[in-house]
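Contents: one structure, followed by commentary.
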Amino acid sequence: MKQPELGKVIQQQRLSKGMTQEELVERCNINVRTIQRIEAGEVTPRAFTVKTIMEVLDIQLPANEPEGPQPTAKPIFSAVDKRQLWWAGMAGVIYFLSSSYEVLWEIALMANTEMQQPGYYTLLKTVVLISYVAFAYGFYLVGQRTDNKVLQFGAVFVMLVNAGIIGADIYSGKVVGAEDIWFGVLEVVAFGISLIPFSIGLVLSKKSLGQHYQAIGILGLITAIMFITVVLTLLGVFTLAAFDIACIYLLFRHVQGKEEVRVGF
């Protein structure tokens, strides 16, 4: 295998084992700068160095090629997966736009009790619900393909909680007013709680999908805490917007093929 594919395979296998570069070089007895350059695809290591690294990472070498392993890099997502992720990403865009419009309307209605609720309120809520479920499904698929059970559970949990919240709004047929303030608080707290397992699942995806998943997962946890406290909900609305945009980015990133690879022979 030639560079940069070799470096990607070594990095992926190391990350899958939760091993740092420092831990790997200690076991291989090589310089940390060397492993950094190998993973970056900047140098082609000697056969002995490659063999040592592969043995430490428990990568089986083909019996007929003892001097040089020939692992193949298999993409995590198939062409069908990528089409589904593209649709999930588009659903995320629709959700972001429709939910932003919904929030603006609700703020205006709560601020001015004389303002009339739009006739398309139920339709707007329905669009938000359907697009959100399709959006979250994209991450269920990501969790399924990377064997991340926490992300799978988090995606389903966030779907169900938000379906309950939006369904209750549609059933009531009105924006939560002052007389329903405690019901509104319950919805805000429930939404915050729903983000916790989903965000933890994103953080745990660091090993297989990179540090950007960890960073976005941490942003999700911060947003969850803000909603749960209730008093920081307004600030949480802004971090939630950033979180949603970042999640949309993750889905389209995979569609473009910018994901890690897994090792196979």
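Every chain in the structure tokens has a letter given in the order shown (A, B, ...), and although residue numbers restart at 1 in each chain, ligands are simply numbered from 1 in the order shown.
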
In stretch 2-211 of chain A, DSSP helix (DSSP H, G or I) residues written as JSON, numbers by chain: {"A": [5, 6, 7, 8, 9, 10, 11, 12, 13, 14, 15, 16, 21, 22, 23, 24, 25, 26, 27, 28, 32, 33, 34, 35, 36, 37, 38, 39, 47, 48, 49, 50, 51, 52, 53, 54, 55, 56, 79, 80, 81, 82, 83, 84, 85, 86, 87, 88, 89, 90, 91, 92, 93, 94, 95, 96, 97, 98, 99, 100, 101, 102, 103, 104, 105, 106, 107, 108, 109, 110, 111, 121, 122, 123, 124, 125, 126, 127, 128, 129, 130, 131, 132, 133, 134, 135, 136, 137, 138, 139, 140, 141, 142, 143, 144, 145, 149, 150, 151, 152, 153, 154, 155, 156, 157, 158, 159, 160, 161, 162, 163, 164, 165, 166, 167, 168, 169, 170, 171, 172, 178, 179, 180, 181, 182, 183, 184, 185, 186, 187, 188, 189, 190, 191, 192, 193, 194, 195, 196, 197, 198, 199, 200, 201, 202, 203, 204, 206, 207, 208, 209, 211]}

Got a sec: who's within 9 Å of A:Ala224, counting only C-alpha atoms, leaving out chain neighbours fewer than 5 positions off, as a CSV table (one decimal) with N, CA, C and O atoms, in the first residue's frame?
```csv
chain,number,residue,atom,x,y,z
A,189,VAL,N,-37.1,21.7,29.3
A,189,VAL,CA,-36.3,20.7,30.1
A,189,VAL,C,-36.2,19.4,29.3
A,189,VAL,O,-35.1,18.8,29.2
A,191,PHE,N,-36.5,18.8,26.2
A,191,PHE,CA,-35.7,19.0,25.0
A,191,PHE,C,-34.2,18.9,25.4
A,191,PHE,O,-33.4,18.3,24.7
A,192,GLY,N,-33.9,19.6,26.5
A,192,GLY,CA,-32.5,19.6,26.9
A,192,GLY,C,-32.0,18.2,27.3
A,192,GLY,O,-30.9,17.8,26.9
A,193,ILE,N,-32.9,17.5,28.0
A,193,ILE,CA,-32.5,16.1,28.3
A,193,ILE,C,-32.3,15.2,27.1
A,193,ILE,O,-31.4,14.3,27.0
A,194,SER,N,-33.2,15.4,26.1
A,194,SER,CA,-33.1,14.6,24.9
A,194,SER,C,-31.8,14.8,24.1
A,194,SER,O,-31.3,13.9,23.4
A,195,LEU,N,-31.1,15.9,24.3
A,195,LEU,CA,-29.8,16.1,23.6
A,195,LEU,C,-28.6,15.4,24.3
A,195,LEU,O,-27.6,15.2,23.7
A,196,ILE,N,-28.8,15.0,25.6
A,196,ILE,CA,-27.7,14.4,26.3
A,196,ILE,C,-27.1,13.1,25.7
A,196,ILE,O,-26.0,13.0,25.3
A,199,SER,N,-25.7,13.7,22.2
A,199,SER,CA,-24.4,14.5,22.2
A,199,SER,C,-23.3,13.5,22.7
A,199,SER,O,-22.1,13.6,22.2
A,219,LEU,N,-20.4,20.7,22.2
A,219,LEU,CA,-21.3,21.8,22.0
A,219,LEU,C,-22.7,21.4,22.3
A,219,LEU,O,-23.5,22.2,22.9
A,229,THR,N,-31.3,24.1,32.5
A,229,THR,CA,-31.4,25.1,33.6
A,229,THR,C,-32.5,26.1,33.4
A,229,THR,O,-32.9,26.8,34.4
A,236,GLY,N,-29.1,29.4,25.1
A,236,GLY,CA,-29.1,28.0,24.5
A,236,GLY,C,-29.7,28.0,23.1
A,236,GLY,O,-29.3,27.1,22.3
A,240,LEU,N,-27.8,26.2,20.2
A,240,LEU,CA,-28.5,25.2,19.5
A,240,LEU,C,-28.4,25.4,18.0
A,240,LEU,O,-28.3,24.4,17.2
```

For atom CA of A:Val127 and atom CA of A:Ile165, the interatomic separation in Å (one decimal): 13.8 Å

Å distance separating atom CA of A:Thr239 from atom CA of A:Gln256, one decimal place: 25.7 Å

Residue nearest A:Tyr121 - candidates A:Ser16, A:Gln144, A:Thr34, A:Ser99, atoms counted: only C-alpha atoms: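 Smallest separation from A:Tyr121 among the options: A:Ser99.
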
Test item: residues at most 9 Å from A:Val230, only C-alpha atoms, excluding those fewer than 5 positions along its chain, as a PyMOL selection string: chain A and resi 185+188-189+225

Computed interatomic separation between atom CA of A:Ile216 and atom CA of A:Phe243 (Å):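 Taking atom CA of A:Ile216 and atom CA of A:Phe243, their separation equals 6.7 Å.
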
Counting only C-alpha atoms, the option among A:Lys125, A:Ser208, A:Asp244, A:Arg145 closest to A:Ser172: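 Smallest distance to A:Ser172 is found for A:Lys125.
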
Closest of A:Tyr213, A:Leu251, A:Leu123, A:Asn148 to A:Ile170 - atom-to-atom distances counting only C-alpha atoms: A:Leu123

Selection near A:Gly217, 8 Å with only C-alpha atoms, sequence-local residues under 2 positions removed, as JSON, numbers by chain: {"A": [198, 199, 200, 201, 202, 203, 213, 214, 215, 219, 220, 221]}

For C-alpha atoms, I'd like the residues from the last selection saved as a PDB file, in the first residue's frame.
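As a result, again-v5.pdb now contains:
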```pdb
ATOM      1  CA  PHE A 198     -27.273  12.094  21.390  1.00  0.00           C
ATOM      2  CA  SER A 199     -24.391  14.450  22.199  1.00  0.00           C
ATOM      3  CA  ILE A 200     -22.547  11.752  24.163  1.00  0.00           C
ATOM      4  CA  GLY A 201     -22.890   9.497  21.125  1.00  0.00           C
ATOM      5  CA  LEU A 202     -21.256  12.181  18.982  1.00  0.00           C
ATOM      6  CA  VAL A 203     -18.387  12.511  21.466  1.00  0.00           C
ATOM      7  CA  TYR A 213     -17.404  14.762  16.202  1.00  0.00           C
ATOM      8  CA  GLN A 214     -16.088  15.203  19.739  1.00  0.00           C
ATOM      9  CA  ALA A 215     -16.107  19.007  19.478  1.00  0.00           C
ATOM     10  CA  LEU A 219     -21.279  21.799  22.029  1.00  0.00           C
ATOM     11  CA  GLY A 220     -24.437  19.676  22.180  1.00  0.00           C
ATOM     12  CA  LEU A 221     -23.856  18.880  25.856  1.00  0.00           C
TER      13      LEU A 221
END
```

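Compared by their closest atoms to A:Val133, and using only C-alpha atoms, the residues A:His254, A:Gln211, A:Ala163, A:Tyr120 rank with A:Ala163 nearest.
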
Selection near A:Gly257, 9 Å with only C-alpha atoms, sequence-local residues under 5 positions removed, as a list in words: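 Here the qualifying residues turn out to be Pro75, Phe77, Lys82 and Phe252 of chain A.
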
Strand (DSSP E) call set, DSSP backbone run, stretch 5-172 of chain A, as a list in words: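 Assigned to strand (DSSP E), within stretch 5-172 of chain A: Thr72, Ala73, Lys74 and Pro75 of chain A.
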
Among listed residues A:Val237, A:Asp169, A:Val9, A:Phe139, nearest A:Met54 (using only C-alpha atoms):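 For A:Met54, the nearest of the given residues is A:Val9.
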
Closest of A:Glu26, A:Val43, A:Phe135, A:Ile35 to A:Lys2 - atom-to-atom distances counting only C-alpha atoms: A:Val43
